[in-house]
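The structure file final32.csv is reproduced below (CSV, C-alpha atoms).
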```
chain,number,residue,atom,x,y,z
A,183,MET,CA,-32.7,13.3,-16.9
A,184,THR,CA,-30.0,10.7,-17.2
A,185,SER,CA,-27.3,13.0,-15.8
A,186,ASN,CA,-29.5,13.8,-12.8
A,187,LEU,CA,-30.0,10.1,-12.1
A,188,ILE,CA,-26.2,9.5,-12.3
A,189,ALA,CA,-25.6,12.4,-9.9
A,190,LEU,CA,-28.2,11.1,-7.5
A,191,ALA,CA,-26.6,7.6,-7.6
A,192,ILE,CA,-23.1,9.0,-6.9
A,193,THR,CA,-24.5,11.0,-4.0
A,194,VAL,CA,-26.2,7.9,-2.5
A,195,ILE,CA,-23.0,5.9,-2.9
A,196,ALA,CA,-20.9,8.6,-1.3
A,197,PHE,CA,-23.3,8.9,1.6
A,198,ALA,CA,-23.2,5.2,2.1
A,199,HIS,CA,-19.4,5.1,2.2
A,200,ILE,CA,-19.3,8.0,4.7
A,201,GLN,CA,-21.8,6.2,6.9
A,202,ALA,CA,-19.8,3.0,6.7
A,203,ALA,CA,-16.6,4.9,7.6
A,204,GLN,CA,-18.2,6.5,10.6
A,205,ALA,CA,-19.5,3.1,11.7
A,206,GLU,CA,-16.0,1.6,11.5
A,207,VAL,CA,-14.7,4.4,13.7
A,208,ALA,CA,-17.6,4.0,16.2
A,209,GLN,CA,-17.2,0.2,16.4
A,210,GLY,CA,-13.4,0.2,16.5
A,211,PRO,CA,-11.1,0.5,19.5
A,212,GLN,CA,-11.1,3.9,21.3
A,213,GLU,CA,-8.4,6.2,20.0
A,214,SER,CA,-6.3,8.3,22.3
A,215,ALA,CA,-6.3,12.1,22.1
A,216,ALA,CA,-2.8,11.8,20.4
A,217,GLN,CA,-4.5,10.0,17.5
A,218,GLU,CA,-6.8,12.9,16.7
A,219,SER,CA,-6.1,16.2,15.0
A,220,PRO,CA,-6.5,19.5,16.8
A,221,SER,CA,-9.9,19.7,15.0
A,222,GLY,CA,-10.9,16.3,16.4
A,223,ALA,CA,-10.7,14.6,13.0
A,224,LYS,CA,-10.3,10.8,13.2
A,225,ARG,CA,-7.1,9.1,12.2
A,226,PHE,CA,-7.6,6.9,9.1
A,227,ASP,CA,-5.3,4.4,7.5
A,228,MET,CA,-5.5,5.6,3.9
A,229,SER,CA,-3.7,2.6,2.5
A,230,GLU,CA,-6.7,0.4,3.4
A,231,ARG,CA,-9.3,2.7,2.0
A,232,LEU,CA,-10.3,1.8,-1.6
A,233,LEU,CA,-11.2,5.2,-3.0
A,234,ASP,CA,-14.5,4.4,-4.6
A,235,LEU,CA,-15.3,8.1,-4.0
A,236,ALA,CA,-12.8,9.0,-6.8
A,237,ILE,CA,-15.9,8.8,-9.1
A,238,ALA,CA,-17.5,11.6,-7.3
A,239,PRO,CA,-17.1,15.2,-8.6
A,240,SER,CA,-13.8,16.6,-7.3
A,241,PRO,CA,-13.8,19.9,-5.5
A,242,THR,CA,-10.4,20.5,-7.2
A,243,GLY,CA,-12.0,20.7,-10.6
A,244,LEU,CA,-9.8,18.0,-12.2
A,245,ASP,CA,-10.5,17.6,-15.8
A,246,GLU,CA,-11.4,14.3,-17.4
A,247,SER,CA,-7.8,13.7,-18.7
A,248,ILE,CA,-6.5,13.8,-15.2
A,249,GLN,CA,-9.4,11.9,-13.7
A,250,GLU,CA,-8.4,8.9,-16.0
A,251,HIS,CA,-5.0,8.7,-14.2
A,252,VAL,CA,-6.3,9.0,-10.6
A,253,ALA,CA,-4.7,6.2,-8.4
A,254,VAL,CA,-7.4,4.0,-6.9
A,255,SER,CA,-5.4,3.7,-3.7
A,256,TRP,CA,-2.0,3.6,-2.2
A,257,ARG,CA,-1.8,-0.1,-3.1
A,258,ASP,CA,-1.6,1.0,-6.7
A,259,LEU,CA,1.9,2.4,-5.9
A,260,LYS,CA,3.1,-1.1,-5.2
A,261,PRO,CA,4.5,-3.1,-8.1
A,262,ALA,CA,3.0,-6.4,-9.3
A,263,LEU,CA,4.9,-9.4,-8.0
A,264,LYS,CA,5.6,-12.8,-9.5
A,265,SER,CA,3.5,-15.7,-8.2
A,266,LEU,CA,5.4,-18.0,-5.9
A,267,GLU,CA,4.3,-20.9,-7.9
A,268,THR,CA,6.0,-19.6,-11.0
A,269,PRO,CA,8.7,-22.4,-10.9
A,270,PHE,CA,5.8,-25.0,-10.7
A,271,GLU,CA,3.6,-23.5,-13.4
A,272,SER,CA,4.4,-26.1,-16.0
A,273,LEU,CA,3.5,-29.0,-13.7
A,274,PRO,CA,0.2,-30.9,-14.1
A,275,ASP,CA,-2.2,-30.5,-11.2
A,276,PRO,CA,-1.2,-33.7,-9.3
A,277,LEU,CA,2.5,-32.7,-9.3
A,278,LEU,CA,1.6,-29.1,-8.5
A,279,ASN,CA,-0.4,-30.1,-5.5
A,280,ALA,CA,2.5,-32.4,-4.4
A,281,MET,CA,4.9,-29.4,-4.6
A,282,ARG,CA,2.5,-27.3,-2.5
A,283,THR,CA,2.6,-30.0,0.1
A,284,GLN,CA,6.4,-29.8,0.0
A,285,VAL,CA,6.2,-26.0,0.6
A,286,ARG,CA,3.7,-26.5,3.4
A,287,TRP,CA,6.0,-29.1,5.1
A,288,ARG,CA,9.1,-27.0,4.8
A,289,THR,CA,7.5,-23.9,6.2
A,290,SER,CA,5.6,-25.7,9.0
A,291,SER,CA,6.7,-25.8,12.6
A,292,SER,CA,8.1,-28.9,14.3
A,293,SER,CA,4.9,-29.4,16.2
A,294,GLU,CA,2.9,-29.2,13.0
A,295,ARG,CA,5.2,-31.8,11.4
A,296,SER,CA,4.2,-34.3,14.1
A,297,ASP,CA,0.6,-34.3,12.8
A,298,PRO,CA,-0.1,-37.8,11.4
A,299,ASP,CA,-2.3,-36.4,8.6
A,300,LEU,CA,0.4,-34.0,7.4
A,301,ILE,CA,3.1,-36.8,7.6
A,302,LYS,CA,0.9,-39.0,5.5
A,303,GLU,CA,0.3,-36.3,3.0
A,304,TYR,CA,4.0,-35.4,2.8
A,305,LYS,CA,5.0,-39.0,2.2
A,306,ALA,CA,2.4,-39.4,-0.5
A,307,ALA,CA,3.6,-36.2,-2.2
A,308,ASN,CA,7.2,-37.4,-2.1
A,309,GLY,CA,6.1,-40.7,-3.7
A,310,VAL,CA,4.2,-38.9,-6.6
A,311,LEU,CA,7.1,-36.5,-7.2
A,312,SER,CA,9.7,-39.3,-7.2
A,313,ALA,CA,7.7,-41.5,-9.5
A,314,ASN,CA,7.6,-38.6,-12.0
A,315,ASP,CA,11.3,-37.7,-11.7
A,316,VAL,CA,10.6,-34.2,-10.4
A,317,ASP,CA,13.7,-32.4,-9.2
A,318,ILE,CA,12.3,-31.2,-5.9
A,319,GLU,CA,15.4,-29.3,-4.7
A,320,LYS,CA,15.8,-27.5,-8.0
A,321,LEU,CA,12.2,-26.3,-7.9
A,322,MET,CA,12.5,-25.2,-4.3
A,323,LEU,CA,15.7,-23.3,-5.1
A,324,GLU,CA,13.9,-21.5,-7.9
A,325,ARG,CA,11.1,-20.6,-5.6
A,326,ARG,CA,13.5,-19.1,-3.1
A,327,LYS,CA,14.9,-17.0,-5.9
A,328,VAL,CA,11.4,-15.7,-6.7
A,329,ILE,CA,10.9,-14.8,-3.0
A,330,ALA,CA,14.2,-12.9,-2.9
A,331,GLN,CA,13.2,-11.1,-6.2
A,332,ASN,CA,9.8,-10.2,-4.8
A,333,ASN,CA,11.3,-8.8,-1.7
A,334,SER,CA,13.5,-6.6,-3.8
A,335,ILE,CA,10.9,-5.5,-6.3
A,336,GLY,CA,8.3,-5.1,-3.6
A,337,ARG,CA,10.1,-2.1,-2.3
A,338,GLY,CA,10.5,-0.4,-5.7
A,339,PRO,CA,8.1,1.8,-7.7
A,340,ASN,CA,5.2,0.7,-9.8
A,341,LEU,CA,6.6,1.6,-13.3
A,342,GLU,CA,3.0,1.8,-14.7
A,343,LYS,CA,2.2,4.7,-12.5
A,344,LEU,CA,5.3,6.8,-13.3
A,345,GLY,CA,4.6,9.9,-15.3
A,346,THR,CA,0.9,9.8,-14.5
A,347,THR,CA,-1.0,12.5,-12.6
A,348,ILE,CA,-2.4,11.0,-9.4
A,349,ARG,CA,-4.7,12.2,-6.6
A,350,LEU,CA,-4.3,10.5,-3.3
A,351,PRO,CA,-5.3,11.1,0.3
A,352,GLY,CA,-2.7,10.9,3.1
A,353,TYR,CA,-0.7,12.7,5.8
A,354,ILE,CA,2.1,15.1,5.8
A,355,VAL,CA,5.5,14.5,7.5
A,356,PRO,CA,7.1,18.0,7.3
A,357,LEU,CA,10.7,18.4,6.1
A,358,THR,CA,10.8,22.2,5.5
A,359,ILE,CA,8.4,24.3,7.5
A,360,ASP,CA,8.4,28.1,8.2
A,361,GLY,CA,5.8,29.9,10.2
A,362,GLY,CA,3.4,26.9,10.1
A,363,VAL,CA,3.6,26.6,6.3
A,364,VAL,CA,5.2,23.5,4.8
A,365,THR,CA,6.9,23.6,1.4
A,366,GLU,CA,8.7,20.2,1.4
A,367,PHE,CA,7.4,17.1,3.0
A,368,LEU,CA,7.0,13.3,2.9
A,369,PHE,CA,3.5,12.1,2.1
A,370,VAL,CA,2.3,8.9,3.7
A,371,SER,CA,-0.8,6.8,4.1
A,372,VAL,CA,-0.9,6.5,7.8
A,373,ALA,CA,-0.8,9.4,10.3
A,374,GLY,CA,2.4,9.4,12.3
A,375,SER,CA,4.4,7.2,9.9
A,376,CYS,CA,8.1,7.9,10.1
A,377,VAL,CA,7.6,9.7,13.3
A,378,HIS,CA,5.6,7.7,15.8
A,379,THR,CA,5.5,4.4,13.9
A,380,PRO,CA,8.0,2.4,11.8
A,381,SER,CA,8.5,3.8,8.3
A,382,PRO,CA,6.4,2.2,5.6
A,383,PRO,CA,8.1,0.6,2.5
A,384,PRO,CA,9.8,3.2,0.3
A,385,ASN,CA,7.0,2.8,-2.3
A,386,GLN,CA,4.5,3.9,0.3
A,387,ILE,CA,6.3,7.3,0.8
A,388,ILE,CA,6.2,10.2,-1.6
A,389,HIS,CA,8.7,13.1,-1.4
A,390,VAL,CA,6.8,16.3,-2.3
A,391,ASP,CA,8.0,19.8,-3.3
A,392,TYR,CA,5.2,22.4,-2.9
A,393,PRO,CA,6.7,25.9,-3.2
A,394,LYS,CA,3.2,27.4,-2.8
A,395,GLY,CA,3.1,25.9,0.7
A,396,VAL,CA,0.3,24.5,2.8
A,397,GLU,CA,-0.7,25.4,6.3
A,398,PHE,CA,0.3,22.6,8.7
A,399,LYS,CA,-1.0,22.1,12.2
A,400,SER,CA,-0.8,18.4,13.0
A,401,ILE,CA,0.6,15.1,11.6
A,402,PHE,CA,-2.9,13.7,12.1
A,403,ASP,CA,-4.6,16.2,9.7
A,404,ALA,CA,-5.3,14.5,6.4
A,405,PHE,CA,-4.9,16.0,2.9
A,406,TRP,CA,-5.6,15.4,-0.8
A,407,ILE,CA,-2.6,15.7,-3.0
A,408,VAL,CA,-2.5,16.1,-6.8
A,409,GLY,CA,0.6,16.0,-9.1
A,410,GLU,CA,2.7,14.0,-11.5
A,411,LEU,CA,4.3,10.9,-10.0
A,412,LEU,CA,8.0,10.4,-10.7
A,413,ALA,CA,10.7,8.0,-9.5
A,414,GLU,CA,13.5,9.4,-7.3
A,415,ARG,CA,15.2,7.5,-4.5
A,416,ARG,CA,16.3,9.6,-1.6
A,417,PHE,CA,16.8,9.6,2.1
A,418,SER,CA,15.3,12.3,4.2
A,419,ASP,CA,16.1,13.2,7.8
A,420,VAL,CA,12.9,13.4,9.7
A,421,THR,CA,13.1,15.1,13.1
A,422,PHE,CA,10.3,15.3,15.7
A,423,TYR,CA,10.1,16.0,19.4
A,424,ASP,CA,10.6,12.4,20.3
A,425,GLY,CA,13.5,11.6,18.1
A,426,ALA,CA,14.8,11.5,14.5
A,427,SER,CA,15.1,9.0,11.7
A,428,ASN,CA,16.5,8.7,8.2
A,429,VAL,CA,13.6,7.7,5.9
A,430,GLU,CA,13.9,6.2,2.4
A,431,SER,CA,11.4,7.1,-0.4
A,432,ILE,CA,11.4,6.1,-4.0
A,433,TYR,CA,8.7,8.4,-5.4
A,434,LYS,CA,8.7,12.2,-5.8
A,435,LEU,CA,5.8,14.4,-6.8
A,436,ASN,CA,5.8,18.1,-7.9
A,437,ALA,CA,2.4,18.9,-6.4
A,438,HIS,CA,-0.1,20.9,-8.3
A,439,LEU,CA,-2.5,21.1,-5.4
A,440,VAL,CA,-2.6,20.2,-1.7
A,441,GLU,CA,-5.8,20.6,0.2
A,442,ALA,CA,-7.6,19.4,3.3
A,443,PHE,CA,-9.0,15.9,3.1
A,444,THR,CA,-12.8,15.7,2.7
A,445,TYR,CA,-15.1,13.0,1.4
```
Structure translated into structure tokens:
Amino acid sequence: MTSNLIALAITVIAFAHIQAAQAEVAQGPQESAAQESPSGAKRFDMSERLLDLAIAPSPTGLDESIQEHVAVSWRDLKPALKSLETPFESLPDPLLNAMRTQVRWRTSSSSERSDPDLIKEYKAANGVLSANDVDIEKLMLERRKVIAQNNSIGRGPNLEKLGTTIRLPGYIVPLTIDGGVVTEFLFVSVAGSCVHTPSPPPNQIIHVDYPKGVEFKSIFDAFWIVGELLAERRFSDVTFYDGASNVESIYKLNAHLVEAFTY
């Protein structure tokens, strides 16, 4: 009885998500024919879709040990970054708020700095920091170092996901194709990435070897992919009818399974 209720609940949740996704498409801007697959399938941005449906029974028959390692979304492939307030974390709240005002002032436009309220707030913050002997320039320098570090780390792999088996939805950018069958490709979250749109960050691109091959018709056809995620930085030459580009990826995956995307 309990298992039947759970199955019913999962079905209801899945149906609700499907209805919501269809509503989003219906309410969104009209897409051109180039944004649809030959089958008429809509183009989704998989990076923005939280995969709540990962709890639903998988048609691939993944066992429980693999289900535990399923990535929730493409966002999981991005590493955690340090808070920009890290250099300020030891400050008591009044000084922390004063440093936030410093950041706001230094990152505002000249027109914003003419606002009397902001000027008053900035002067008050300077007074509080000066009275407490806070080295403003030193803290701001440390903050800039954190920003630079985040920019570097933000393009790298999520170390916690390496070595795990993942299941993600996405789109194929073919690298090796023969007779309509792709055996090597880049896997991305947005249809047309690396071809019709700027390349995503390297940690949002997965290089895939799939000797078994998968039938490929369009860059707008979505797929599920299953395999072990590993780190490997490489540059791939992507050629299409409207040009070519050299694309950086920092993940590789030896795919166990590639199949058409379904809810």
* Asked: Can you tell me, as a list in words, what residues are no more than 10 Å from Thr268 (chain A) when counting only C-alpha atoms, ignoring any on the same chain fewer than 2 positions away?
  ->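 So the residues in contact are Lys264, Ser265, Leu266, Phe270, Glu271, Ser272, Leu321, Glu324, Arg325 and Val328 of chain A.
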* **Counting all atoms listed in the file, the residue of A:Gln284, A:Gln386, A:Ser312, A:Ser400 that sits nearest Ser255 (chain A)** =>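 Among the listed residues, A:Gln386 lies closest to Ser255 (chain A).
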* **region 428-439 of chain A surroundings by only C-alpha atoms, 10 Å radius, close-in-sequence under 5 positions cut, as a ChimeraX atom specification** => /A:242,259,337-340,344-345,347-349,366,368-369,376-377,380-396,406-421
* In Å, rounded to a single decimal, give me how far CA of Val440 (chain A) is from CA of Val363 (chain A). =>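 Taking CA of Val363 (chain A) and CA of Val440 (chain A), their separation equals 12.0 Å.
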* Find the residues near Gly352 (chain A): any atom within 6 Å, counting only C-alpha atoms, skip ones fewer than 2 places away on the same chain, and give them as a ChimeraX atom specification. => /A:370-371,404-405
* Suppose you want the space between CA of Val355 (chain A) and CA of Asp258 (chain A); what is it in Å? ->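 Computed distance, CA of Val355 (chain A) to CA of Asp258 (chain A), equals 20.8 Å.
Shortest atom-to-atom contact with Val316 (chain A) among A:Glu303, A:Pro276, A:Thr346, A:Asp360: A:Pro276, counting all atoms listed in the file.
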* **One-decimal distance in Å that lies between CA of Ser334 (chain A) and CA of Ile354 (chain A)** => 26.3 Å
* Mind listing whatever residues come within 12 Å of the point (7.0, -39.1, -10.2)? Use all atoms listed in the file, file coordinates, and give them as a list of chain:residue names. => A:Leu273, A:Pro274, A:Pro276, A:Leu277, A:Leu278, A:Ala280, A:Met281, A:Ala306, A:Ala307, A:Asn308, A:Gly309, A:Val310, A:Leu311, A:Ser312, A:Ala313, A:Asn314, A:Asp315, A:Val316, A:Asp317, A:Ile318
Create the file for the chosen residues now, containing C-alpha atoms and written as a PDB file, keeping the file's coordinate frame.
```pdb
ATOM      1  CA  LEU A 273       3.500 -29.000 -13.700  1.00  0.00           C
ATOM      2  CA  PRO A 274       0.200 -30.900 -14.100  1.00  0.00           C
ATOM      3  CA  PRO A 276      -1.200 -33.700  -9.300  1.00  0.00           C
ATOM      4  CA  LEU A 277       2.500 -32.700  -9.300  1.00  0.00           C
ATOM      5  CA  LEU A 278       1.600 -29.100  -8.500  1.00  0.00           C
ATOM      6  CA  ALA A 280       2.500 -32.400  -4.400  1.00  0.00           C
ATOM      7  CA  MET A 281       4.900 -29.400  -4.600  1.00  0.00           C
ATOM      8  CA  ALA A 306       2.400 -39.400  -0.500  1.00  0.00           C
ATOM      9  CA  ALA A 307       3.600 -36.200  -2.200  1.00  0.00           C
ATOM     10  CA  ASN A 308       7.200 -37.400  -2.100  1.00  0.00           C
ATOM     11  CA  GLY A 309       6.100 -40.700  -3.700  1.00  0.00           C
ATOM     12  CA  VAL A 310       4.200 -38.900  -6.600  1.00  0.00           C
ATOM     13  CA  LEU A 311       7.100 -36.500  -7.200  1.00  0.00           C
ATOM     14  CA  SER A 312       9.700 -39.300  -7.200  1.00  0.00           C
ATOM     15  CA  ALA A 313       7.700 -41.500  -9.500  1.00  0.00           C
ATOM     16  CA  ASN A 314       7.600 -38.600 -12.000  1.00  0.00           C
ATOM     17  CA  ASP A 315      11.300 -37.700 -11.700  1.00  0.00           C
ATOM     18  CA  VAL A 316      10.600 -34.200 -10.400  1.00  0.00           C
ATOM     19  CA  ASP A 317      13.700 -32.400  -9.200  1.00  0.00           C
ATOM     20  CA  ILE A 318      12.300 -31.200  -5.900  1.00  0.00           C
TER      21      ILE A 318
END
```
* List as a list in words: which residues have an atom within 6 Å of (2.0, 27.9, 7.5), counting only C-alpha atoms? -> Gly361, Gly362, Val363, Glu397 and Phe398 of chain A
* Asked: Which is closest to Arg288 (chain A) among A:Lys327, A:Phe443, A:Lys260, A:Met322, if we use only C-alpha atoms?
  ->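 Checking each candidate against Arg288 (chain A), we get A:Met322 as the closest.
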